[in-house]
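Chemist: One file is attached below, entry.cif, containing mmCIF, N, CA and C atoms.
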```
data_input
loop_
_atom_site.label_atom_id
_atom_site.label_comp_id
_atom_site.auth_asym_id
_atom_site.auth_seq_id
_atom_site.Cartn_x
_atom_site.Cartn_y
_atom_site.Cartn_z
N GLN A 1 -35.39 182.98 -111.15
CA GLN A 1 -34.81 181.97 -110.27
C GLN A 1 -34.36 180.78 -111.11
N VAL A 2 -33.18 180.29 -110.80
CA VAL A 2 -32.61 179.17 -111.55
C VAL A 2 -33.00 177.86 -110.87
N GLN A 3 -33.41 176.90 -111.68
CA GLN A 3 -33.72 175.57 -111.18
C GLN A 3 -32.90 174.54 -111.92
N VAL A 4 -32.45 173.54 -111.18
CA VAL A 4 -31.72 172.41 -111.76
C VAL A 4 -32.42 171.16 -111.26
N VAL A 5 -32.87 170.33 -112.18
CA VAL A 5 -33.69 169.17 -111.81
C VAL A 5 -33.13 167.91 -112.45
N GLU A 6 -32.78 166.94 -111.60
CA GLU A 6 -32.30 165.65 -112.09
C GLU A 6 -33.45 164.65 -112.19
N SER A 7 -33.27 163.69 -113.08
CA SER A 7 -34.23 162.60 -113.20
C SER A 7 -33.51 161.37 -113.75
N GLY A 8 -34.17 160.23 -113.63
CA GLY A 8 -33.65 159.01 -114.25
C GLY A 8 -33.01 158.02 -113.31
N GLY A 9 -32.95 158.32 -112.04
CA GLY A 9 -32.37 157.37 -111.11
C GLY A 9 -33.28 156.17 -110.90
N GLY A 10 -32.79 155.22 -110.14
CA GLY A 10 -33.58 154.03 -109.85
C GLY A 10 -32.71 152.88 -109.44
N LEU A 11 -33.28 151.69 -109.57
CA LEU A 11 -32.59 150.47 -109.19
C LEU A 11 -32.06 149.76 -110.43
N ALA A 12 -30.81 149.37 -110.38
CA ALA A 12 -30.22 148.61 -111.49
C ALA A 12 -29.43 147.44 -110.92
N GLN A 13 -29.33 146.39 -111.71
CA GLN A 13 -28.53 145.24 -111.31
C GLN A 13 -27.06 145.50 -111.65
N PRO A 14 -26.15 144.87 -110.94
CA PRO A 14 -24.74 144.98 -111.33
C PRO A 14 -24.55 144.60 -112.79
N GLY A 15 -23.79 145.43 -113.50
CA GLY A 15 -23.61 145.25 -114.93
C GLY A 15 -24.66 145.94 -115.78
N GLY A 16 -25.66 146.50 -115.14
CA GLY A 16 -26.74 147.16 -115.85
C GLY A 16 -26.42 148.60 -116.18
N SER A 17 -27.44 149.29 -116.70
CA SER A 17 -27.28 150.68 -117.15
C SER A 17 -28.43 151.54 -116.65
N LEU A 18 -28.12 152.80 -116.50
CA LEU A 18 -29.11 153.85 -116.22
C LEU A 18 -28.66 155.11 -116.93
N ARG A 19 -29.63 155.95 -117.26
CA ARG A 19 -29.32 157.25 -117.87
C ARG A 19 -29.96 158.33 -117.04
N LEU A 20 -29.14 159.23 -116.54
CA LEU A 20 -29.62 160.38 -115.77
C LEU A 20 -29.72 161.60 -116.67
N SER A 21 -30.70 162.43 -116.36
CA SER A 21 -30.87 163.69 -117.07
C SER A 21 -30.86 164.83 -116.06
N CYS A 22 -30.42 165.98 -116.50
CA CYS A 22 -30.41 167.18 -115.66
C CYS A 22 -30.82 168.36 -116.52
N ALA A 23 -31.94 168.97 -116.16
CA ALA A 23 -32.44 170.10 -116.91
C ALA A 23 -32.31 171.38 -116.09
N ALA A 24 -31.80 172.41 -116.72
CA ALA A 24 -31.66 173.71 -116.06
C ALA A 24 -32.66 174.69 -116.68
N SER A 25 -33.22 175.51 -115.83
CA SER A 25 -34.18 176.50 -116.32
C SER A 25 -34.12 177.75 -115.45
N GLY A 26 -34.71 178.81 -115.96
CA GLY A 26 -34.76 180.04 -115.19
C GLY A 26 -34.38 181.24 -116.03
N SER A 27 -34.80 182.38 -115.56
CA SER A 27 -34.53 183.60 -116.32
C SER A 27 -33.05 183.94 -116.25
N GLY A 28 -32.54 184.34 -117.37
CA GLY A 28 -31.17 184.82 -117.41
C GLY A 28 -30.11 183.78 -117.62
N ILE A 29 -30.49 182.49 -117.60
CA ILE A 29 -29.43 181.49 -117.78
C ILE A 29 -29.05 181.37 -119.25
N ILE A 30 -27.80 181.14 -119.45
CA ILE A 30 -27.27 180.88 -120.79
C ILE A 30 -26.58 179.53 -120.71
N PHE A 31 -27.39 178.48 -120.80
CA PHE A 31 -26.92 177.13 -120.51
C PHE A 31 -25.69 176.76 -121.33
N SER A 32 -25.66 177.21 -122.55
CA SER A 32 -24.61 176.77 -123.47
C SER A 32 -23.22 177.18 -123.05
N ILE A 33 -23.10 178.16 -122.16
CA ILE A 33 -21.76 178.62 -121.77
C ILE A 33 -21.28 177.98 -120.47
N TYR A 34 -22.16 177.21 -119.83
CA TYR A 34 -21.82 176.70 -118.51
C TYR A 34 -21.05 175.40 -118.56
N LEU A 35 -20.06 175.30 -117.69
CA LEU A 35 -19.48 174.01 -117.34
C LEU A 35 -20.49 173.31 -116.43
N MET A 36 -20.86 172.10 -116.75
CA MET A 36 -21.85 171.35 -115.97
C MET A 36 -21.20 170.13 -115.34
N GLY A 37 -21.58 169.86 -114.09
CA GLY A 37 -20.97 168.75 -113.39
C GLY A 37 -21.99 167.78 -112.81
N TRP A 38 -21.62 166.51 -112.80
CA TRP A 38 -22.36 165.46 -112.10
C TRP A 38 -21.53 165.05 -110.88
N TYR A 39 -22.18 164.97 -109.73
CA TYR A 39 -21.55 164.59 -108.49
C TYR A 39 -22.36 163.45 -107.88
N ARG A 40 -21.76 162.77 -106.92
CA ARG A 40 -22.51 161.76 -106.19
C ARG A 40 -22.06 161.74 -104.73
N GLN A 41 -22.98 161.30 -103.89
CA GLN A 41 -22.69 161.18 -102.47
C GLN A 41 -23.28 159.88 -101.96
N ALA A 42 -22.41 159.00 -101.52
CA ALA A 42 -22.84 157.73 -100.93
C ALA A 42 -22.98 157.93 -99.42
N PRO A 43 -23.77 157.08 -98.77
CA PRO A 43 -23.96 157.21 -97.31
C PRO A 43 -22.62 157.18 -96.57
N GLY A 44 -22.43 158.17 -95.71
CA GLY A 44 -21.23 158.23 -94.91
C GLY A 44 -19.99 158.71 -95.63
N LYS A 45 -20.16 159.14 -96.88
CA LYS A 45 -19.01 159.61 -97.65
C LYS A 45 -19.21 161.04 -98.11
N GLN A 46 -18.12 161.68 -98.49
CA GLN A 46 -18.20 163.04 -98.99
C GLN A 46 -18.70 163.04 -100.44
N ARG A 47 -19.32 164.15 -100.81
CA ARG A 47 -19.76 164.31 -102.19
C ARG A 47 -18.52 164.38 -103.08
N GLU A 48 -18.58 163.70 -104.22
CA GLU A 48 -17.43 163.67 -105.12
C GLU A 48 -17.87 163.97 -106.55
N LEU A 49 -16.95 164.55 -107.30
CA LEU A 49 -17.21 164.82 -108.71
C LEU A 49 -17.10 163.52 -109.49
N VAL A 50 -18.12 163.26 -110.30
CA VAL A 50 -18.15 162.06 -111.14
C VAL A 50 -17.73 162.38 -112.56
N ALA A 51 -18.31 163.44 -113.10
CA ALA A 51 -18.01 163.82 -114.48
C ALA A 51 -18.41 165.27 -114.69
N GLU A 52 -17.76 165.90 -115.62
CA GLU A 52 -18.14 167.26 -115.99
C GLU A 52 -17.97 167.42 -117.50
N ILE A 53 -18.65 168.43 -118.01
CA ILE A 53 -18.58 168.66 -119.46
C ILE A 53 -18.53 170.15 -119.71
N THR A 54 -17.59 170.56 -120.53
CA THR A 54 -17.40 171.98 -120.81
C THR A 54 -18.49 172.49 -121.75
N SER A 55 -18.51 173.79 -121.93
CA SER A 55 -19.46 174.39 -122.86
C SER A 55 -19.27 173.86 -124.27
N GLY A 56 -18.04 173.50 -124.60
CA GLY A 56 -17.74 172.98 -125.92
C GLY A 56 -17.95 171.49 -126.06
N GLY A 57 -18.35 170.85 -124.97
CA GLY A 57 -18.65 169.42 -125.03
C GLY A 57 -17.50 168.51 -124.65
N SER A 58 -16.42 169.04 -124.13
CA SER A 58 -15.30 168.20 -123.71
C SER A 58 -15.59 167.62 -122.33
N PRO A 59 -15.48 166.30 -122.20
CA PRO A 59 -15.79 165.66 -120.93
C PRO A 59 -14.55 165.43 -120.06
N ASN A 60 -14.81 165.25 -118.78
CA ASN A 60 -13.76 164.88 -117.83
C ASN A 60 -14.40 163.94 -116.83
N TYR A 61 -13.70 162.86 -116.47
CA TYR A 61 -14.28 161.84 -115.62
C TYR A 61 -13.39 161.53 -114.42
N ALA A 62 -14.04 161.14 -113.34
CA ALA A 62 -13.31 160.55 -112.23
C ALA A 62 -12.76 159.19 -112.66
N ASP A 63 -11.63 158.83 -112.11
CA ASP A 63 -11.00 157.57 -112.50
C ASP A 63 -11.93 156.37 -112.27
N SER A 64 -12.74 156.48 -111.23
CA SER A 64 -13.60 155.35 -110.86
C SER A 64 -14.69 155.06 -111.88
N VAL A 65 -14.97 156.00 -112.78
CA VAL A 65 -16.06 155.78 -113.75
C VAL A 65 -15.59 155.82 -115.19
N LYS A 66 -14.31 156.09 -115.41
CA LYS A 66 -13.80 156.15 -116.77
C LYS A 66 -14.04 154.85 -117.51
N GLY A 67 -14.52 154.97 -118.74
CA GLY A 67 -14.79 153.79 -119.54
C GLY A 67 -16.16 153.20 -119.31
N ARG A 68 -16.86 153.66 -118.28
CA ARG A 68 -18.20 153.13 -117.97
C ARG A 68 -19.28 154.20 -118.09
N PHE A 69 -18.96 155.43 -117.73
CA PHE A 69 -19.92 156.52 -117.74
C PHE A 69 -19.60 157.47 -118.90
N THR A 70 -20.64 158.05 -119.47
CA THR A 70 -20.48 159.03 -120.53
C THR A 70 -21.36 160.24 -120.25
N VAL A 71 -20.75 161.42 -120.22
CA VAL A 71 -21.50 162.66 -120.02
C VAL A 71 -21.68 163.35 -121.37
N SER A 72 -22.87 163.91 -121.57
CA SER A 72 -23.16 164.61 -122.81
C SER A 72 -24.13 165.75 -122.51
N ARG A 73 -24.33 166.60 -123.49
CA ARG A 73 -25.24 167.73 -123.28
C ARG A 73 -25.97 168.04 -124.55
N ASP A 74 -27.18 168.62 -124.38
CA ASP A 74 -27.98 169.12 -125.48
C ASP A 74 -28.33 170.56 -125.13
N ASN A 75 -27.60 171.49 -125.69
CA ASN A 75 -27.79 172.89 -125.33
C ASN A 75 -29.15 173.42 -125.77
N ALA A 76 -29.71 172.85 -126.82
CA ALA A 76 -31.03 173.28 -127.26
C ALA A 76 -32.10 172.94 -126.23
N LYS A 77 -31.85 171.92 -125.42
CA LYS A 77 -32.80 171.51 -124.39
C LYS A 77 -32.36 171.90 -122.99
N ASN A 78 -31.26 172.63 -122.88
CA ASN A 78 -30.72 173.01 -121.57
C ASN A 78 -30.56 171.80 -120.66
N THR A 79 -30.07 170.71 -121.23
CA THR A 79 -30.02 169.45 -120.51
C THR A 79 -28.65 168.79 -120.66
N VAL A 80 -28.21 168.19 -119.56
CA VAL A 80 -26.99 167.39 -119.55
C VAL A 80 -27.37 165.98 -119.12
N TYR A 81 -26.68 165.00 -119.67
CA TYR A 81 -26.99 163.60 -119.42
C TYR A 81 -25.79 162.87 -118.83
N LEU A 82 -26.07 161.80 -118.13
CA LEU A 82 -25.02 160.91 -117.66
C LEU A 82 -25.48 159.48 -117.96
N GLN A 83 -24.85 158.88 -118.97
CA GLN A 83 -25.11 157.49 -119.30
C GLN A 83 -24.18 156.63 -118.47
N MET A 84 -24.77 155.74 -117.68
CA MET A 84 -23.99 154.90 -116.76
C MET A 84 -24.15 153.45 -117.18
N ASN A 85 -23.06 152.85 -117.61
CA ASN A 85 -23.04 151.45 -118.02
C ASN A 85 -22.16 150.64 -117.09
N SER A 86 -22.29 149.33 -117.16
CA SER A 86 -21.47 148.42 -116.34
C SER A 86 -21.50 148.85 -114.87
N LEU A 87 -22.68 149.11 -114.39
CA LEU A 87 -22.83 149.62 -113.02
C LEU A 87 -22.34 148.61 -112.00
N LYS A 88 -21.80 149.15 -110.92
CA LYS A 88 -21.27 148.36 -109.81
C LYS A 88 -22.00 148.76 -108.53
N PRO A 89 -22.04 147.87 -107.54
CA PRO A 89 -22.68 148.25 -106.27
C PRO A 89 -22.08 149.51 -105.66
N GLU A 90 -20.80 149.74 -105.88
CA GLU A 90 -20.16 150.93 -105.32
C GLU A 90 -20.57 152.22 -106.03
N ASP A 91 -21.33 152.11 -107.11
CA ASP A 91 -21.90 153.30 -107.75
C ASP A 91 -23.17 153.78 -107.04
N THR A 92 -23.65 153.01 -106.09
CA THR A 92 -24.84 153.40 -105.34
C THR A 92 -24.60 154.71 -104.60
N ALA A 93 -25.46 155.68 -104.85
CA ALA A 93 -25.30 157.01 -104.26
C ALA A 93 -26.48 157.88 -104.71
N VAL A 94 -26.57 159.05 -104.11
CA VAL A 94 -27.44 160.10 -104.64
C VAL A 94 -26.60 160.90 -105.63
N TYR A 95 -27.13 161.07 -106.83
CA TYR A 95 -26.42 161.78 -107.89
C TYR A 95 -27.00 163.18 -108.04
N TYR A 96 -26.11 164.15 -108.09
CA TYR A 96 -26.48 165.55 -108.18
C TYR A 96 -25.88 166.18 -109.43
N CYS A 97 -26.60 167.16 -109.91
CA CYS A 97 -26.13 167.97 -111.04
C CYS A 97 -25.91 169.39 -110.55
N ARG A 98 -24.94 170.05 -111.13
CA ARG A 98 -24.63 171.40 -110.69
C ARG A 98 -24.16 172.25 -111.86
N ILE A 99 -24.55 173.51 -111.85
CA ILE A 99 -23.92 174.48 -112.74
C ILE A 99 -22.60 174.83 -112.05
N ALA A 100 -21.49 174.40 -112.63
CA ALA A 100 -20.19 174.50 -111.97
C ALA A 100 -19.88 175.93 -111.53
N GLY A 101 -19.35 176.04 -110.33
CA GLY A 101 -18.97 177.34 -109.82
C GLY A 101 -20.11 178.16 -109.26
N SER A 102 -21.30 177.58 -109.25
CA SER A 102 -22.47 178.31 -108.76
C SER A 102 -23.07 177.60 -107.56
N GLN A 103 -24.10 178.23 -106.99
CA GLN A 103 -24.80 177.60 -105.88
C GLN A 103 -25.97 176.77 -106.35
N TYR A 104 -26.10 176.61 -107.66
CA TYR A 104 -27.28 175.95 -108.22
C TYR A 104 -27.04 174.45 -108.37
N TRP A 105 -27.60 173.72 -107.41
CA TRP A 105 -27.55 172.27 -107.40
C TRP A 105 -28.97 171.75 -107.60
N GLY A 106 -29.06 170.54 -108.16
CA GLY A 106 -30.34 169.87 -108.18
C GLY A 106 -30.61 169.22 -106.84
N GLN A 107 -31.79 168.61 -106.74
CA GLN A 107 -32.20 167.99 -105.48
C GLN A 107 -31.63 166.59 -105.32
N GLY A 108 -31.10 166.06 -106.41
CA GLY A 108 -30.49 164.73 -106.36
C GLY A 108 -31.45 163.64 -106.80
N THR A 109 -30.88 162.57 -107.33
CA THR A 109 -31.66 161.40 -107.71
C THR A 109 -30.91 160.16 -107.25
N GLN A 110 -31.65 159.25 -106.63
CA GLN A 110 -31.04 158.07 -106.03
C GLN A 110 -30.74 157.02 -107.09
N VAL A 111 -29.52 156.50 -107.06
CA VAL A 111 -29.13 155.37 -107.89
C VAL A 111 -28.71 154.24 -106.97
N THR A 112 -29.36 153.10 -107.12
CA THR A 112 -29.05 151.93 -106.31
C THR A 112 -28.68 150.78 -107.23
N VAL A 113 -27.51 150.20 -107.00
CA VAL A 113 -27.06 149.07 -107.81
C VAL A 113 -27.00 147.85 -106.90
N SER A 114 -27.88 146.92 -107.15
CA SER A 114 -27.99 145.76 -106.28
C SER A 114 -28.66 144.62 -107.01
N SER A 115 -28.26 143.40 -106.67
CA SER A 115 -28.93 142.23 -107.23
C SER A 115 -30.06 141.76 -106.32
#
```
Kindly return the structure encoded in the file as structure tokens.
Modeler:
Amino acid sequence: QVQVVESGGGLAQPGGSLRLSCAASGSGIIFSIYLMGWYRQAPGKQRELVAEITSGGSPNYADSVKGRFTVSRDNAKNTVYLQMNSLKPEDTAVYYCRIAGSQYWGQGTQVTVSS
């Protein structure tokens, strides 16, 4: 069974930073070949793609986070990261990690940006 687990959410002030982690585990997974995605869902809004990273480490970002967020991965640890800098109140949401193209989502981690 495949598991995807996010961690690192919390409360940050506007202009602050947080780092999210997402670890994948389970029999049969070959983490290094997966496209991995970070998504977020704010109250009353649809879930949206925030960033993704290819197996080769090439990132792609939503326009709303370009220049502020950085996605990276450590294939030896089966983990993908999302470094979030210059946080804004509109970044408040539940953040999810997903093995792209699969049904394997994490449970989500809450990020709240407020003074």
Chemist: What do you get, as a list in words, if you spell out every residue that the PyMOL selection byres (((chain A and resi 24-28 and name CA) around 8) and name CA) selects here?
Modeler: Gln1, Val2, Gln3, Val4, Val5, Cys22, Ala23, Ile29, Ile30, Phe31, Asn78 and Thr79 of chain A
Chemist: Please evaluate the PyMOL selection byres ((chain A and resi 44-61) around 7) against the structure above and give the resulting residues as a PyMOL selection string.
Modeler: chain A and resi 31-43+62-66+71-73
Chemist: How many Å lie between atom N of Arg98 of chain A and atom C of Gly16 of chain A, rounded to one decimal?
Modeler: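 Computing it gives 22.1 Å between the two atoms.
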Chemist: Just the number, please: distance in Å from atom CA of Ser17 of chain A to atom CA of Ser114 of chain A, one decimal.
Modeler: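 Between atom CA of Ser17 of chain A and atom CA of Ser114 of chain A the gap is 12.0 Å.
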Chemist: Return as a list in words the set of residues that the PyMOL selection byres ((chain A and resi 105-109) around 7) yields on the displayed structure.
Modeler: Gln3, Val4, Val5, Glu6, Ser7, Gly8, Gly9, Gly10, Ala93, Val94, Tyr95, Tyr96, Cys97, Arg98, Ile99, Ser102, Gln103, Tyr104, Gln110 and Val111 of chain A
Chemist: I need the residues of chain A that end up classed as helix (DSSP H, G or I) by DSSP on the backbone, written out as a list of chain:residue names.
Modeler: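 Filtering chain A down to helix (DSSP H, G or I) leaves A:Phe31, A:Ser32, A:Ile33, A:Asn75, A:Ala76, A:Lys77, A:Pro89, A:Glu90, A:Asp91.
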Chemist: What would segment 6-26 of chain A look like with N, CA, C and O atoms in place, written as a PDB file, keeping the file's coordinate frame?
Modeler:
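The resulting result_13.pdb:
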```
ATOM      1  N   GLU A   6     -32.780 166.940-111.600  1.00  0.00           N
ATOM      2  CA  GLU A   6     -32.300 165.650-112.090  1.00  0.00           C
ATOM      3  C   GLU A   6     -33.450 164.650-112.190  1.00  0.00           C
ATOM      4  O   GLU A   6     -34.431 164.769-111.462  1.00  0.00           O
ATOM      5  N   SER A   7     -33.270 163.690-113.080  1.00  0.00           N
ATOM      6  CA  SER A   7     -34.230 162.600-113.200  1.00  0.00           C
ATOM      7  C   SER A   7     -33.510 161.370-113.750  1.00  0.00           C
ATOM      8  O   SER A   7     -32.388 161.474-114.251  1.00  0.00           O
ATOM      9  N   GLY A   8     -34.170 160.230-113.630  1.00  0.00           N
ATOM     10  CA  GLY A   8     -33.650 159.010-114.250  1.00  0.00           C
ATOM     11  C   GLY A   8     -33.010 158.020-113.310  1.00  0.00           C
ATOM     12  O   GLY A   8     -32.560 156.957-113.748  1.00  0.00           O
ATOM     13  N   GLY A   9     -32.950 158.320-112.040  1.00  0.00           N
ATOM     14  CA  GLY A   9     -32.370 157.370-111.110  1.00  0.00           C
ATOM     15  C   GLY A   9     -33.280 156.170-110.900  1.00  0.00           C
ATOM     16  O   GLY A   9     -34.395 156.111-111.418  1.00  0.00           O
ATOM     17  N   GLY A  10     -32.790 155.220-110.140  1.00  0.00           N
ATOM     18  CA  GLY A  10     -33.580 154.030-109.850  1.00  0.00           C
ATOM     19  C   GLY A  10     -32.710 152.880-109.440  1.00  0.00           C
ATOM     20  O   GLY A  10     -31.562 153.070-109.021  1.00  0.00           O
ATOM     21  N   LEU A  11     -33.280 151.690-109.570  1.00  0.00           N
ATOM     22  CA  LEU A  11     -32.590 150.470-109.190  1.00  0.00           C
ATOM     23  C   LEU A  11     -32.060 149.760-110.430  1.00  0.00           C
ATOM     24  O   LEU A  11     -32.802 149.614-111.415  1.00  0.00           O
ATOM     25  N   ALA A  12     -30.810 149.370-110.380  1.00  0.00           N
ATOM     26  CA  ALA A  12     -30.220 148.610-111.490  1.00  0.00           C
ATOM     27  C   ALA A  12     -29.430 147.440-110.920  1.00  0.00           C
ATOM     28  O   ALA A  12     -28.935 147.502-109.791  1.00  0.00           O
ATOM     29  N   GLN A  13     -29.330 146.390-111.710  1.00  0.00           N
ATOM     30  CA  GLN A  13     -28.530 145.240-111.310  1.00  0.00           C
ATOM     31  C   GLN A  13     -27.060 145.500-111.650  1.00  0.00           C
ATOM     32  O   GLN A  13     -26.761 146.300-112.544  1.00  0.00           O
ATOM     33  N   PRO A  14     -26.150 144.870-110.940  1.00  0.00           N
ATOM     34  CA  PRO A  14     -24.740 144.980-111.330  1.00  0.00           C
ATOM     35  C   PRO A  14     -24.550 144.600-112.790  1.00  0.00           C
ATOM     36  O   PRO A  14     -25.123 143.615-113.263  1.00  0.00           O
ATOM     37  N   GLY A  15     -23.790 145.430-113.500  1.00  0.00           N
ATOM     38  CA  GLY A  15     -23.610 145.250-114.930  1.00  0.00           C
ATOM     39  C   GLY A  15     -24.660 145.940-115.780  1.00  0.00           C
ATOM     40  O   GLY A  15     -24.528 145.990-117.003  1.00  0.00           O
ATOM     41  N   GLY A  16     -25.660 146.500-115.140  1.00  0.00           N
ATOM     42  CA  GLY A  16     -26.740 147.160-115.850  1.00  0.00           C
ATOM     43  C   GLY A  16     -26.420 148.600-116.180  1.00  0.00           C
ATOM     44  O   GLY A  16     -25.302 149.083-115.974  1.00  0.00           O
ATOM     45  N   SER A  17     -27.440 149.290-116.700  1.00  0.00           N
ATOM     46  CA  SER A  17     -27.280 150.680-117.150  1.00  0.00           C
ATOM     47  C   SER A  17     -28.430 151.540-116.650  1.00  0.00           C
ATOM     48  O   SER A  17     -29.550 151.065-116.439  1.00  0.00           O
ATOM     49  N   LEU A  18     -28.120 152.800-116.500  1.00  0.00           N
ATOM     50  CA  LEU A  18     -29.110 153.850-116.220  1.00  0.00           C
ATOM     51  C   LEU A  18     -28.660 155.110-116.930  1.00  0.00           C
ATOM     52  O   LEU A  18     -27.462 155.329-117.146  1.00  0.00           O
ATOM     53  N   ARG A  19     -29.630 155.950-117.260  1.00  0.00           N
ATOM     54  CA  ARG A  19     -29.320 157.250-117.870  1.00  0.00           C
ATOM     55  C   ARG A  19     -29.960 158.330-117.040  1.00  0.00           C
ATOM     56  O   ARG A  19     -31.190 158.347-116.859  1.00  0.00           O
ATOM     57  N   LEU A  20     -29.140 159.230-116.540  1.00  0.00           N
ATOM     58  CA  LEU A  20     -29.620 160.380-115.770  1.00  0.00           C
ATOM     59  C   LEU A  20     -29.720 161.600-116.670  1.00  0.00           C
ATOM     60  O   LEU A  20     -28.916 161.770-117.591  1.00  0.00           O
ATOM     61  N   SER A  21     -30.700 162.430-116.360  1.00  0.00           N
ATOM     62  CA  SER A  21     -30.870 163.690-117.070  1.00  0.00           C
ATOM     63  C   SER A  21     -30.860 164.830-116.060  1.00  0.00           C
ATOM     64  O   SER A  21     -31.275 164.656-114.910  1.00  0.00           O
ATOM     65  N   CYS A  22     -30.420 165.980-116.500  1.00  0.00           N
ATOM     66  CA  CYS A  22     -30.410 167.180-115.660  1.00  0.00           C
ATOM     67  C   CYS A  22     -30.820 168.360-116.520  1.00  0.00           C
ATOM     68  O   CYS A  22     -30.118 168.704-117.472  1.00  0.00           O
ATOM     69  N   ALA A  23     -31.940 168.970-116.160  1.00  0.00           N
ATOM     70  CA  ALA A  23     -32.440 170.100-116.910  1.00  0.00           C
ATOM     71  C   ALA A  23     -32.310 171.380-116.090  1.00  0.00           C
ATOM     72  O   ALA A  23     -32.696 171.412-114.917  1.00  0.00           O
ATOM     73  N   ALA A  24     -31.800 172.410-116.720  1.00  0.00           N
ATOM     74  CA  ALA A  24     -31.660 173.710-116.060  1.00  0.00           C
ATOM     75  C   ALA A  24     -32.660 174.690-116.680  1.00  0.00           C
ATOM     76  O   ALA A  24     -32.896 174.665-117.890  1.00  0.00           O
ATOM     77  N   SER A  25     -33.220 175.510-115.830  1.00  0.00           N
ATOM     78  CA  SER A  25     -34.180 176.500-116.320  1.00  0.00           C
ATOM     79  C   SER A  25     -34.120 177.750-115.450  1.00  0.00           C
ATOM     80  O   SER A  25     -33.571 177.723-114.355  1.00  0.00           O
ATOM     81  N   GLY A  26     -34.710 178.810-115.960  1.00  0.00           N
ATOM     82  CA  GLY A  26     -34.760 180.040-115.190  1.00  0.00           C
ATOM     83  C   GLY A  26     -34.380 181.240-116.030  1.00  0.00           C
ATOM     84  O   GLY A  26     -33.708 181.112-117.059  1.00  0.00           O
TER      85      GLY A  26
END
```
